Structures are given as structure tokens and as C-alpha cells.
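Just entry-v6.cif here, mmCIF, C-alpha atoms:
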data_query
#
loop_
_atom_site.group_PDB
_atom_site.id
_atom_site.type_symbol
_atom_site.label_atom_id
_atom_site.label_comp_id
_atom_site.auth_asym_id
_atom_site.auth_seq_id
_atom_site.Cartn_x
_atom_site.Cartn_y
_atom_site.Cartn_z
ATOM 1 C CA MET A 1 -84.825 76.797 24.699
ATOM 2 C CA ALA A 2 -87.630 77.049 27.261
ATOM 3 C CA HIS A 3 -89.497 79.455 25.005
ATOM 4 C CA SER A 4 -89.232 76.957 22.130
ATOM 5 C CA ASN A 5 -90.660 74.120 24.249
ATOM 6 C CA ILE A 6 -93.735 76.164 25.115
ATOM 7 C CA ARG A 7 -94.576 76.703 21.443
ATOM 8 C CA LYS A 8 -94.383 73.079 20.281
ATOM 9 C CA PRO A 9 -97.753 71.817 21.634
ATOM 10 C CA VAL A 10 -99.543 74.721 19.913
ATOM 11 C CA ILE A 11 -97.983 73.770 16.621
ATOM 12 C CA ARG A 12 -99.001 70.133 17.061
ATOM 13 C CA ARG A 13 -102.641 71.047 17.768
ATOM 14 C CA SER A 14 -102.835 73.329 14.738
ATOM 15 C CA THR A 15 -101.325 70.659 12.522
ATOM 16 C CA ALA A 16 -103.671 68.022 13.885
ATOM 17 C CA TRP A 17 -106.742 70.161 13.177
ATOM 18 C CA THR A 18 -105.533 70.966 9.676
ATOM 19 C CA ALA A 19 -104.949 67.287 8.997
ATOM 20 C CA LEU A 20 -108.391 66.344 10.354
ATOM 21 C CA ARG A 21 -110.176 68.933 8.199
ATOM 22 C CA ALA A 22 -108.176 67.905 5.135
ATOM 23 C CA GLY A 23 -109.012 64.274 5.805
ATOM 24 C CA LEU A 24 -112.731 64.978 5.964
ATOM 25 C CA VAL A 25 -112.665 66.958 2.737
ATOM 26 C CA LEU A 26 -110.605 64.284 0.977
ATOM 27 C CA ALA A 27 -113.041 61.585 2.063
ATOM 28 C CA LEU A 28 -115.921 63.505 0.516
ATOM 29 C CA MET A 29 -114.022 64.247 -2.671
ATOM 30 C CA VAL A 30 -113.267 60.608 -3.355
ATOM 31 C CA GLY A 31 -116.943 59.792 -3.179
ATOM 32 C CA LEU A 32 -117.604 58.705 0.389
ATOM 33 C CA ALA A 33 -120.935 59.817 1.797
ATOM 34 C CA ALA A 34 -120.796 62.884 3.997
ATOM 35 C CA GLY A 35 -122.380 60.775 6.703
ATOM 36 C CA ASP A 36 -119.170 58.742 6.946
ATOM 37 C CA ALA A 37 -117.503 61.845 8.289
ATOM 38 C CA PHE A 38 -120.172 62.741 10.840
ATOM 39 C CA ALA A 39 -122.653 59.933 11.514
ATOM 40 C CA GLN A 40 -120.597 57.795 13.838
ATOM 41 C CA PRO A 41 -122.154 55.865 16.737
ATOM 42 C CA GLY A 42 -122.430 57.992 19.853
ATOM 43 C CA ARG A 43 -121.363 61.198 18.107
ATOM 44 C CA THR A 44 -123.455 64.366 18.582
ATOM 45 C CA LEU A 45 -124.934 65.835 15.394
ATOM 46 C CA VAL A 46 -123.021 68.766 13.917
ATOM 47 C CA THR A 47 -125.168 71.832 13.196
ATOM 48 C CA LEU A 48 -125.495 73.619 9.860
ATOM 49 C CA LYS A 49 -127.393 76.913 9.983
ATOM 50 C CA VAL A 50 -128.795 78.058 6.631
ATOM 51 C CA GLY A 51 -130.831 81.192 5.902
ATOM 52 C CA ALA A 52 -133.394 80.931 3.110
ATOM 53 C CA THR A 53 -136.466 82.534 1.603
ATOM 54 C CA PRO A 54 -139.543 80.310 2.007
ATOM 55 C CA ILE A 55 -140.502 79.171 -1.517
ATOM 56 C CA PRO A 56 -138.939 77.102 -2.917
ATOM 57 C CA HIS A 57 -135.647 77.445 -1.043
ATOM 58 C CA GLY A 58 -137.059 76.715 2.402
ATOM 59 C CA ASP A 59 -139.187 73.903 1.000
ATOM 60 C CA LEU A 60 -136.136 72.265 -0.568
ATOM 61 C CA LEU A 61 -134.176 72.519 2.667
ATOM 62 C CA GLN A 62 -137.033 70.902 4.567
ATOM 63 C CA LEU A 63 -137.076 68.150 1.930
ATOM 64 C CA ILE A 64 -133.416 67.256 2.444
ATOM 65 C CA LYS A 65 -133.313 67.858 6.200
ATOM 66 C CA PRO A 66 -133.849 64.141 7.064
ATOM 67 C CA ASP A 67 -131.181 63.142 4.533
ATOM 68 C CA LEU A 68 -128.605 65.369 6.189
ATOM 69 C CA GLU A 69 -129.619 64.237 9.661
ATOM 70 C CA ALA A 70 -129.038 60.634 8.597
ATOM 71 C CA GLN A 71 -125.523 61.741 7.695
ATOM 72 C CA GLY A 72 -124.909 63.323 11.109
ATOM 73 C CA ILE A 73 -125.752 66.918 10.190
ATOM 74 C CA LYS A 74 -128.519 68.849 11.951
ATOM 75 C CA LEU A 75 -129.879 71.363 9.447
ATOM 76 C CA GLU A 76 -131.186 74.517 11.107
ATOM 77 C CA ILE A 77 -133.290 76.592 8.692
ATOM 78 C CA VAL A 78 -133.647 80.342 9.295
ATOM 79 C CA GLU A 79 -136.533 81.788 7.266
ATOM 80 C CA LEU A 80 -135.812 85.253 5.838
ATOM 81 C CA THR A 81 -138.018 87.465 3.697
ATOM 82 C CA ASP A 82 -135.749 90.036 2.070
ATOM 83 C CA TYR A 83 -132.692 90.185 -0.196
ATOM 84 C CA VAL A 84 -130.318 92.017 2.168
ATOM 85 C CA THR A 85 -130.410 90.321 5.569
ATOM 86 C CA PRO A 86 -129.296 86.845 4.409
ATOM 87 C CA ASN A 87 -125.926 88.074 3.127
ATOM 88 C CA ILE A 88 -125.333 90.345 6.105
ATOM 89 C CA LEU A 89 -126.015 87.507 8.560
ATOM 90 C CA LEU A 90 -123.755 85.212 6.566
ATOM 91 C CA ALA A 91 -120.900 87.710 6.542
ATOM 92 C CA GLU A 92 -121.342 88.238 10.300
ATOM 93 C CA LYS A 93 -121.088 84.457 10.858
ATOM 94 C CA GLN A 94 -124.629 84.187 12.193
ATOM 95 C CA LEU A 95 -125.322 81.753 9.340
ATOM 96 C CA ASP A 96 -123.162 79.033 7.820
ATOM 97 C CA ALA A 97 -124.745 79.487 4.377
ATOM 98 C CA ASN A 98 -127.709 81.072 2.656
ATOM 99 C CA PHE A 99 -129.943 79.977 -0.197
ATOM 100 C CA PHE A 100 -132.015 82.645 -1.959
ATOM 101 C CA GLN A 101 -130.033 84.427 -4.693
ATOM 102 C CA HIS A 102 -128.276 84.052 -8.018
ATOM 103 C CA LEU A 103 -124.568 84.648 -8.591
ATOM 104 C CA PRO A 104 -124.778 88.044 -10.369
ATOM 105 C CA TYR A 105 -126.752 89.427 -7.412
ATOM 106 C CA LEU A 106 -124.246 87.988 -4.928
ATOM 107 C CA ASN A 107 -121.314 89.469 -6.836
ATOM 108 C CA ASP A 108 -122.902 92.937 -7.000
ATOM 109 C CA PHE A 109 -123.898 92.814 -3.333
ATOM 110 C CA CYS A 110 -120.391 91.820 -2.253
ATOM 111 C CA ALA A 111 -118.813 94.540 -4.391
ATOM 112 C CA ASP A 112 -121.114 97.203 -2.913
ATOM 113 C CA ARG A 113 -120.716 96.041 0.693
ATOM 114 C CA LYS A 114 -117.123 94.808 0.457
ATOM 115 C CA LEU A 115 -118.067 91.317 1.656
ATOM 116 C CA GLN A 116 -116.135 88.097 1.106
ATOM 117 C CA LEU A 117 -118.817 85.609 0.017
ATOM 118 C CA GLU A 118 -118.892 83.048 -2.782
ATOM 119 C CA SER A 119 -121.041 80.374 -4.420
ATOM 120 C CA ALA A 120 -120.790 76.772 -3.269
ATOM 121 C CA GLY A 121 -122.982 75.489 -6.114
ATOM 122 C CA GLN A 122 -126.073 76.283 -8.202
ATOM 123 C CA VAL A 123 -129.410 74.508 -7.788
ATOM 124 C CA PHE A 124 -132.253 75.939 -9.909
ATOM 125 C CA VAL A 125 -133.447 78.885 -11.982
ATOM 126 C CA ALA A 126 -136.368 80.958 -10.675
ATOM 127 C CA PRO A 127 -137.463 82.787 -13.853
ATOM 128 C CA LEU A 128 -138.590 86.396 -13.676
ATOM 129 C CA GLY A 129 -142.088 86.892 -14.983
ATOM 130 C CA LEU A 130 -144.521 89.704 -15.706
ATOM 131 C CA TYR A 131 -147.780 89.391 -13.726
ATOM 132 C CA SER A 132 -151.035 91.321 -13.708
ATOM 133 C CA ARG A 133 -154.388 91.204 -11.935
ATOM 134 C CA LYS A 134 -155.952 93.417 -14.608
ATOM 135 C CA TYR A 135 -154.801 91.987 -17.931
ATOM 136 C CA LYS A 136 -154.663 88.474 -19.341
ATOM 137 C CA LYS A 137 -152.212 89.108 -22.174
ATOM 138 C CA PHE A 138 -149.002 91.091 -22.473
ATOM 139 C CA GLU A 139 -150.368 92.858 -25.547
ATOM 140 C CA ASP A 140 -153.419 94.089 -23.581
ATOM 141 C CA ILE A 141 -151.380 96.426 -21.341
ATOM 142 C CA PRO A 142 -152.422 99.901 -22.551
ATOM 143 C CA ALA A 143 -150.210 102.854 -23.366
ATOM 144 C CA GLY A 144 -149.377 105.074 -20.398
ATOM 145 C CA SER A 145 -149.592 102.226 -17.862
ATOM 146 C CA VAL A 146 -147.412 101.709 -14.794
ATOM 147 C CA ILE A 147 -145.202 98.619 -14.539
ATOM 148 C CA THR A 148 -143.246 97.941 -11.371
ATOM 149 C CA LEU A 149 -139.935 96.082 -11.306
ATOM 150 C CA PRO A 150 -137.182 95.148 -8.826
ATOM 151 C CA ASN A 151 -135.048 98.013 -7.539
ATOM 152 C CA ASP A 152 -131.808 96.092 -6.916
ATOM 153 C CA PRO A 153 -129.345 96.721 -9.781
ATOM 154 C CA THR A 154 -128.962 93.132 -10.949
ATOM 155 C CA ASN A 155 -132.647 92.235 -11.127
ATOM 156 C CA GLU A 156 -133.679 95.627 -12.475
ATOM 157 C CA ALA A 157 -131.377 95.089 -15.451
ATOM 158 C CA ARG A 158 -132.623 91.529 -15.773
ATOM 159 C CA ALA A 159 -136.243 92.754 -15.843
ATOM 160 C CA LEU A 160 -135.544 95.458 -18.407
ATOM 161 C CA ILE A 161 -133.688 93.026 -20.663
ATOM 162 C CA LEU A 162 -136.704 90.698 -20.506
ATOM 163 C CA LEU A 163 -139.004 93.546 -21.559
ATOM 164 C CA GLU A 164 -136.626 94.521 -24.354
ATOM 165 C CA HIS A 165 -136.589 90.930 -25.640
ATOM 166 C CA LYS A 166 -140.396 91.072 -25.752
ATOM 167 C CA GLY A 167 -140.327 94.321 -27.754
ATOM 168 C CA LEU A 168 -141.839 96.670 -25.159
ATOM 169 C CA ILE A 169 -138.800 98.940 -24.856
ATOM 170 C CA LYS A 170 -135.320 99.446 -26.268
ATOM 171 C CA LEU A 171 -132.243 99.920 -24.086
ATOM 172 C CA ASN A 172 -128.982 101.704 -24.675
ATOM 173 C CA PRO A 173 -126.769 98.821 -25.872
ATOM 174 C CA LYS A 174 -123.870 100.184 -23.812
ATOM 175 C CA ALA A 175 -125.805 99.562 -20.581
ATOM 176 C CA GLY A 176 -125.579 95.777 -20.796
ATOM 177 C CA LEU A 177 -126.208 93.927 -17.516
ATOM 178 C CA LYS A 178 -126.084 97.238 -15.609
ATOM 179 C CA ALA A 179 -129.154 98.708 -17.315
ATOM 180 C CA THR A 180 -131.555 100.886 -15.327
ATOM 181 C CA ILE A 181 -134.734 102.699 -16.327
ATOM 182 C CA ARG A 182 -132.499 105.662 -17.242
ATOM 183 C CA ASP A 183 -131.048 103.549 -20.056
ATOM 184 C CA ILE A 184 -134.399 103.198 -21.839
ATOM 185 C CA VAL A 185 -133.989 104.891 -25.225
ATOM 186 C CA GLU A 186 -137.274 103.820 -26.809
ATOM 187 C CA ASN A 187 -140.612 103.456 -24.990
ATOM 188 C CA PRO A 188 -143.342 103.651 -27.668
ATOM 189 C CA LYS A 189 -146.188 102.813 -25.262
ATOM 190 C CA ARG A 190 -144.976 105.496 -22.793
ATOM 191 C CA ILE A 191 -144.890 103.008 -19.918
ATOM 192 C CA THR A 192 -143.966 104.416 -16.505
ATOM 193 C CA PHE A 193 -141.545 102.119 -14.669
ATOM 194 C CA ARG A 194 -141.344 102.201 -10.894
ATOM 195 C CA GLU A 195 -138.515 100.552 -8.958
ATOM 196 C CA ILE A 196 -139.726 98.645 -5.886
ATOM 197 C CA GLU A 197 -138.050 96.300 -3.389
ATOM 198 C CA ALA A 198 -138.474 92.752 -4.699
ATOM 199 C CA PRO A 199 -140.538 91.332 -1.788
ATOM 200 C CA GLN A 200 -143.001 94.237 -2.094
ATOM 201 C CA LEU A 201 -143.693 93.854 -5.815
ATOM 202 C CA PRO A 202 -146.760 91.579 -5.477
ATOM 203 C CA ARG A 203 -148.444 94.274 -3.371
ATOM 204 C CA THR A 204 -148.218 96.750 -6.244
ATOM 205 C CA LEU A 205 -150.521 94.675 -8.452
ATOM 206 C CA ASP A 206 -153.650 96.323 -7.071
ATOM 207 C CA ASP A 207 -152.528 99.668 -8.503
ATOM 208 C CA ALA A 208 -150.007 98.972 -11.276
ATOM 209 C CA ALA A 209 -150.940 97.441 -14.610
ATOM 210 C CA ALA A 210 -148.331 94.745 -14.100
ATOM 211 C CA ALA A 211 -145.217 93.861 -12.128
ATOM 212 C CA ILE A 212 -142.074 91.894 -12.901
ATOM 213 C CA ILE A 213 -141.664 89.453 -10.030
ATOM 214 C CA ASN A 214 -139.109 86.769 -9.235
ATOM 215 C CA GLY A 215 -140.495 83.233 -9.165
ATOM 216 C CA THR A 216 -139.960 82.947 -5.409
ATOM 217 C CA TRP A 217 -142.198 85.899 -4.548
ATOM 218 C CA ALA A 218 -144.678 85.054 -7.299
ATOM 219 C CA MET A 219 -145.212 81.572 -5.849
ATOM 220 C CA GLN A 220 -145.580 82.996 -2.351
ATOM 221 C CA THR A 221 -148.329 85.263 -3.668
ATOM 222 C CA GLY A 222 -150.211 82.310 -5.143
ATOM 223 C CA PHE A 223 -149.127 82.593 -8.773
ATOM 224 C CA VAL A 224 -147.878 79.600 -10.740
ATOM 225 C CA PRO A 225 -145.240 81.236 -12.980
ATOM 226 C CA ALA A 226 -145.509 78.755 -15.834
ATOM 227 C CA ARG A 227 -149.301 79.254 -15.900
ATOM 228 C CA ASP A 228 -150.003 82.784 -14.680
ATOM 229 C CA SER A 229 -147.212 84.977 -16.062
ATOM 230 C CA LEU A 230 -147.889 87.197 -19.057
ATOM 231 C CA ILE A 231 -144.262 86.724 -20.114
ATOM 232 C CA LEU A 232 -141.624 84.504 -18.514
ATOM 233 C CA GLU A 233 -137.862 84.357 -18.638
ATOM 234 C CA GLY A 234 -136.553 81.303 -20.475
ATOM 235 C CA ALA A 235 -135.001 78.232 -18.878
ATOM 236 C CA GLU A 236 -131.716 79.222 -20.524
ATOM 237 C CA SER A 237 -131.374 82.067 -18.009
ATOM 238 C CA PRO A 238 -127.876 82.362 -16.482
ATOM 239 C CA TYR A 239 -129.396 83.487 -13.194
ATOM 240 C CA ALA A 240 -129.400 80.155 -11.353
ATOM 241 C CA ASN A 241 -130.033 80.271 -7.615
ATOM 242 C CA ILE A 242 -127.039 79.231 -5.533
ATOM 243 C CA VAL A 243 -125.930 78.208 -2.065
ATOM 244 C CA ALA A 244 -123.732 81.065 -0.817
ATOM 245 C CA VAL A 245 -121.017 80.788 1.823
ATOM 246 C CA ARG A 246 -118.134 82.833 3.183
ATOM 247 C CA LYS A 247 -115.036 82.651 0.995
ATOM 248 C CA GLY A 248 -113.038 79.557 1.808
ATOM 249 C CA ASP A 249 -116.002 77.638 3.267
ATOM 250 C CA ALA A 250 -117.165 75.916 0.077
ATOM 251 C CA ASP A 251 -115.033 72.885 0.977
ATOM 252 C CA ASP A 252 -116.426 72.623 4.513
ATOM 253 C CA PRO A 253 -117.725 69.020 4.655
ATOM 254 C CA ARG A 254 -121.106 70.230 5.929
ATOM 255 C CA ILE A 255 -121.457 72.585 2.935
ATOM 256 C CA VAL A 256 -120.322 69.892 0.507
ATOM 257 C CA ALA A 257 -122.989 67.590 1.957
ATOM 258 C CA LEU A 258 -125.653 70.315 1.702
ATOM 259 C CA VAL A 259 -124.952 71.093 -1.950
ATOM 260 C CA LYS A 260 -124.768 67.397 -2.803
ATOM 261 C CA ALA A 261 -128.159 66.803 -1.152
ATOM 262 C CA LEU A 262 -129.705 69.725 -3.086
ATOM 263 C CA ARG A 263 -128.416 68.403 -6.405
ATOM 264 C CA THR A 264 -130.083 64.976 -6.394
ATOM 265 C CA GLN A 265 -132.767 63.377 -8.513
ATOM 266 C CA LYS A 266 -135.057 63.610 -5.482
ATOM 267 C CA VAL A 267 -134.810 67.408 -5.524
ATOM 268 C CA LYS A 268 -135.122 67.568 -9.310
ATOM 269 C CA ASP A 269 -138.309 65.486 -9.228
ATOM 270 C CA TYR A 270 -139.711 67.625 -6.406
ATOM 271 C CA LEU A 271 -139.067 70.876 -8.293
ATOM 272 C CA ILE A 272 -140.733 69.554 -11.422
ATOM 273 C CA SER A 273 -143.779 67.964 -9.752
ATOM 274 C CA LYS A 274 -144.422 70.403 -6.906
ATOM 275 C CA TYR A 275 -144.076 73.635 -8.860
ATOM 276 C CA ASN A 276 -145.444 72.632 -12.276
ATOM 277 C CA GLY A 277 -142.298 73.634 -14.142
ATOM 278 C CA SER A 278 -142.104 77.089 -12.554
ATOM 279 C CA PHE A 279 -138.610 76.415 -11.194
ATOM 280 C CA VAL A 280 -136.043 74.827 -13.479
ATOM 281 C CA PRO A 281 -133.322 72.505 -12.115
ATOM 282 C CA ALA A 282 -129.834 73.793 -12.952
ATOM 283 C CA PHE A 283 -127.832 70.600 -12.378
#

Target encoding C-alpha cells, full file:
Amino acid sequence: MAHSNIRKPVIRRSTAWTALRAGLVLALMVGLAAGDAFAQPGRTLVTLKVGATPIPHGDLLQLIKPDLEAQGIKLEIVELTDYVTPNILLAEKQLDANFFQHLPYLNDFCADRKLQLESAGQVFVAPLGLYSRKYKKFEDIPAGSVITLPNDPTNEARALILLEHKGLIKLNPKAGLKATIRDIVENPKRITFREIEAPQLPRTLDDAAAAIINGTWAMQTGFVPARDSLILEGAESPYANIVAVRKGDADDPRIVALVKALRTQKVKDYLISKYNGSFVPAF
């Protein structure tokens, strides 16, 4: 009997916390502003720590930072400049979310590293494009040239599929979304393809004829994708950039508020006006 009495308070606390969390989520789901859950007089701001690449992800987070603060959420932005660290930090609980990648990349990364991460919502498409400092037109790239492309499996396949659609190469149809340079079955211009880490691709433009670069890194280099790319992935691309979280955290009221703030007309207008159509809203 004494042992039973000791356990009861623990059960009550656990139940109370579960009920509180459920209540917050329910309030958001029925359409109340996230600020109703957090922005109460005298209450300390709750922190939300998000890792992001600078352009446009970091810019968008800075844009909505005041909106979240008005709702009682202090957005802490951690700037990252590679495609590996953000997911590792998220899995290790050093971040609450990250914002830099599309879902196919996240799924492949989690499968390779055995991580439990998921999407909390998509925001925009950052089209892959082919860029050059030496040539003005795609057709001007001479036979025997070097083209660099991303070395991560998802974006390498994405780049090769783009080149196949433009008629430069032909891929083994069995390769599908897992295509690598070893799946090239026709290469009439004898192009040499070199696999490079995505953030380093702009640096190869001094030596290579051209490089396939994600919109994020292209913008950081000074390119305007819609204006400067020799070829550009279409707006119909399924590779929309997402907010990623640990599995089970997508219904965290802070995350719900973040995704909601990123999927507003304000953000859509900013993407269209600031980046001249180079990033396409996906909501």
C-alpha cells in the first residue's frame, strides 16, 4: 500500500503534462494563434532554435522572427553552411528544427545514418541550375568539357535527370531517382562529370566549363538563378525545401507556429520580390 501511494503523484504529474501539451496543440489546430498559447502577460518567451543555410532560408527566418516573438516565441537562428551538420545537430537535440533541404534528401540521409527525422511542412522550391563563367548558352559548352555536379546521391540524380531532360546525356532508365554518373549510357559530347560537395560547387567555375548548383548556393555566389542559369529546373519540381524536425515533434506548438509563419502571404511576396522568381513558393 505504501509503495502504491508513492507512485500516485508521479502519475498525476505525467498526466498533467500530457494534458497541457494536448491542450496547446488542440488550440492551434482549431485556429487559435500560436501566440495565445505562449504570449501571456508576464510569461518568459519560449525559445525555438533553428539551423539554416543563409540564403534564402536564413533570410526567411529573420523575416518572420518578429512575428514569432509577438506570439511569445524567441526564434534563435543558427547559420550553417553544409548539408550534413544541420541534420546531425537536429538528431542530437542541439537544434529544435532545421531549414535547408528537400524531403528526398532528408529521407536518404536518415536511411544512411539511421536517424529519426521528418518533415513538418514544405515552403519553397530552390531549382537546380547550370551555371558558367565561360559560356552564355547551354549549346556553347564544347565537347570534352568538364561539368561539376553535387556529390550527394539525391542531388546528383536530380542534376543528371535535368541534363537528360535537356538532351545532353542519356541515363539507364532503371536508375531512376538513384542515378549516378555510372548510369550514363549515352554522352555524345564526351562531357567529364565531377562530383563535388554542394557548397563547393561555385568555386569550381573558374576551372570547369559549368556547374550544376542549387539555388541557395547560386544566390550566395551572386547569381540570380532565373536570370543567370544556362538551364533551370522547372517550378514543377517535387524537391520543395522543408522544415525538418525529430519524429514526433511536428505537432510541437512552437514548430506549428514556425511552419505557419513561413507559409504566409508575407513570405510568398518576399520570395517573389526579393529573389526575382529564383525561389518558387510551394504553398

**OP:** Might you spell out which residues the PyMOL selection byres ((chain A and resi 159) around 12) would select in the displayed file, as JSON, numbers by chain?
**Re:** {"A": [127, 128, 129, 130, 147, 148, 149, 150, 151, 152, 153, 154, 155, 156, 157, 158, 160, 161, 162, 163, 164, 165, 166, 168, 169, 171, 177, 178, 179, 180, 181, 193, 194, 195, 198, 211, 212, 213, 214, 231, 232, 233, 237, 239]}

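Of the listed residues (A:Val50, A:Ala210, A:Val280, A:Val245), A:Ala210 comes nearest to Arg133 (chain A); the distances count all atoms listed in the file.
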
Original post:
Contacts of Thr221 (chain A) at 12 Å or less, counting all atoms listed in the file, minus same-chain residues fewer than 5 places along, as a PyMOL selection string?
Top reply: chain A and resi 54-55+131+133+199-205+213-216+228

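Omitting Ile88 (chain A) and its sequence neighbours fewer than 3 positions away, and counting only C-alpha atoms, the residues within 12 Å are Gly51, Leu80, Asp82, Tyr83, Val84, Thr85, Ala91, Glu92, Lys93, Gln94, Leu95, Asp96, Ala97, Asn98, Leu106, Phe109, Cys110, Arg113, Lys114, Leu115, Gln116, Leu117, Ala244, Val245 and Arg246 of chain A.
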
If you count all atoms listed in the file, which residues fall within 9 Å of Arg263 (chain A), apart from same-chain ones fewer than 6 positions away, as a compact mmCIF listing (two decimals) with C-alpha atoms, keeping the file's coordinate frame?
# COMPACT_ATOMS: atom_id res chain seq x y z
CA GLY A 121 -122.98 75.49 -6.11
CA GLN A 122 -126.07 76.28 -8.20
CA VAL A 123 -129.41 74.51 -7.79
CA PRO A 281 -133.32 72.50 -12.12
CA ALA A 282 -129.83 73.79 -12.95
CA PHE A 283 -127.83 70.60 -12.38

**OP:** Could you check which of A:Pro188, A:Val256, A:Leu63, A:Gly234 is closest to Asp269 (chain A), using all atoms listed in the file?
**Re:** A:Leu63

Subject >> Selection as a ChimeraX atom specification: residues within 12 Å of (-132.0, 71.4, 9.8), counting all atoms listed in the file >> reply: /A:45-52,58-79,96,254,258

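Residues surrounding Lys137 (chain A) within 9 Å are A:Ser132, A:Ser229, A:Leu230, A:Ile231 [only C-alpha atoms; sequence separation below 5 positions excluded].
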
Original post:
Looking at only C-alpha atoms, which of A:Phe138, A:Phe124, A:Ser119, A:Gly144 is the one that sits closest to Thr192 (chain A)?
Top reply: A:Gly144

Box dimensions and centre (Å, one decimal) enclosing region 73-78 of chain A, axis-aligned, 5 Å extra per side, as AutoDock Vina command-line options:
--center_x -129.7 --center_y 73.6 --center_z 10.3 --size_x 17.9 --size_y 23.4 --size_z 13.3

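We find CA of Pro86 (chain A) and CA of Val125 (chain A) to be spaced 18.7 Å apart.
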
Subject >> For CA of Val243 (chain A) and CA of Asn276 (chain A), the interatomic separation in Å (one decimal) >> reply: 22.7 Å

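Listed by chain and then by number, the residues chosen by the PyMOL selection byres ((chain A and resi 100) around 6) in this file are Ala52, Thr53, Phe99 and Gln101 of chain A.
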
Deliver the residues from the most recent selection as a file, using C-alpha atoms, as a CSV table (one decimal), in the coordinates of the input.
chain,number,residue,atom,x,y,z
A,52,ALA,CA,-133.4,80.9,3.1
A,53,THR,CA,-136.5,82.5,1.6
A,99,PHE,CA,-129.9,80.0,-0.2
A,101,GLN,CA,-130.0,84.4,-4.7

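Closest approach to Ala120 (chain A) from the set A:Pro142, A:Gly277, A:Pro253, A:Gly167 is made by A:Pro253, with distances taken over only C-alpha atoms.
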
Subject >> Straight-line distance linking CA of Asn87 (chain A) with CA of Ile196 (chain A), stated in Å to one decimal >> reply: 19.6 Å

Fix up region 124-138 of chain A with N, CA and C atoms, then write it as a PDB file, keeping the file's coordinate frame.
ATOM      1  N   PHE A 124    -131.123  75.807  -8.981  1.00  0.00           N
ATOM      2  CA  PHE A 124    -132.253  75.939  -9.909  1.00  0.00           C
ATOM      3  C   PHE A 124    -132.376  77.385 -10.387  1.00  0.00           C
ATOM      4  N   VAL A 125    -133.126  77.557 -11.465  1.00  0.00           N
ATOM      5  CA  VAL A 125    -133.447  78.885 -11.982  1.00  0.00           C
ATOM      6  C   VAL A 125    -134.872  79.235 -11.567  1.00  0.00           C
ATOM      7  N   ALA A 126    -135.041  80.431 -11.003  1.00  0.00           N
ATOM      8  CA  ALA A 126    -136.368  80.958 -10.675  1.00  0.00           C
ATOM      9  C   ALA A 126    -136.665  82.081 -11.668  1.00  0.00           C
ATOM     10  N   PRO A 127    -137.308  81.790 -12.790  1.00  0.00           N
ATOM     11  CA  PRO A 127    -137.463  82.787 -13.853  1.00  0.00           C
ATOM     12  C   PRO A 127    -138.256  84.015 -13.409  1.00  0.00           C
ATOM     13  N   LEU A 128    -137.798  85.185 -13.837  1.00  0.00           N
ATOM     14  CA  LEU A 128    -138.590  86.396 -13.676  1.00  0.00           C
ATOM     15  C   LEU A 128    -139.790  86.322 -14.606  1.00  0.00           C
ATOM     16  N   GLY A 129    -140.907  86.857 -14.137  1.00  0.00           N
ATOM     17  CA  GLY A 129    -142.088  86.892 -14.983  1.00  0.00           C
ATOM     18  C   GLY A 129    -142.839  88.198 -14.815  1.00  0.00           C
ATOM     19  N   LEU A 130    -143.653  88.530 -15.786  1.00  0.00           N
ATOM     20  CA  LEU A 130    -144.521  89.704 -15.706  1.00  0.00           C
ATOM     21  C   LEU A 130    -145.914  89.229 -15.326  1.00  0.00           C
ATOM     22  N   TYR A 131    -146.480  89.818 -14.256  1.00  0.00           N
ATOM     23  CA  TYR A 131    -147.780  89.391 -13.726  1.00  0.00           C
ATOM     24  C   TYR A 131    -148.737  90.581 -13.667  1.00  0.00           C
ATOM     25  N   SER A 132    -150.021  90.278 -13.775  1.00  0.00           N
ATOM     26  CA  SER A 132    -151.035  91.321 -13.708  1.00  0.00           C
ATOM     27  C   SER A 132    -152.327  90.755 -13.129  1.00  0.00           C
ATOM     28  N   ARG A 133    -153.045  91.569 -12.386  1.00  0.00           N
ATOM     29  CA  ARG A 133    -154.388  91.204 -11.935  1.00  0.00           C
ATOM     30  C   ARG A 133    -155.459  91.837 -12.833  1.00  0.00           C
ATOM     31  N   LYS A 134    -155.010  92.674 -13.777  1.00  0.00           N
ATOM     32  CA  LYS A 134    -155.952  93.417 -14.608  1.00  0.00           C
ATOM     33  C   LYS A 134    -155.994  92.937 -16.051  1.00  0.00           C
ATOM     34  N   TYR A 135    -154.894  92.344 -16.515  1.00  0.00           N
ATOM     35  CA  TYR A 135    -154.801  91.987 -17.931  1.00  0.00           C
ATOM     36  C   TYR A 135    -154.377  90.532 -18.081  1.00  0.00           C
ATOM     37  N   LYS A 136    -154.925  89.895 -19.101  1.00  0.00           N
ATOM     38  CA  LYS A 136    -154.663  88.474 -19.341  1.00  0.00           C
ATOM     39  C   LYS A 136    -153.536  88.234 -20.332  1.00  0.00           C
ATOM     40  N   LYS A 137    -153.253  89.246 -21.164  1.00  0.00           N
ATOM     41  CA  LYS A 137    -152.212  89.108 -22.174  1.00  0.00           C
ATOM     42  C   LYS A 137    -151.264  90.304 -22.119  1.00  0.00           C
ATOM     43  N   PHE A 138    -150.024  90.043 -22.448  1.00  0.00           N
ATOM     44  CA  PHE A 138    -149.002  91.091 -22.473  1.00  0.00           C
ATOM     45  C   PHE A 138    -149.415  92.225 -23.403  1.00  0.00           C
TER      46      PHE A 138
END
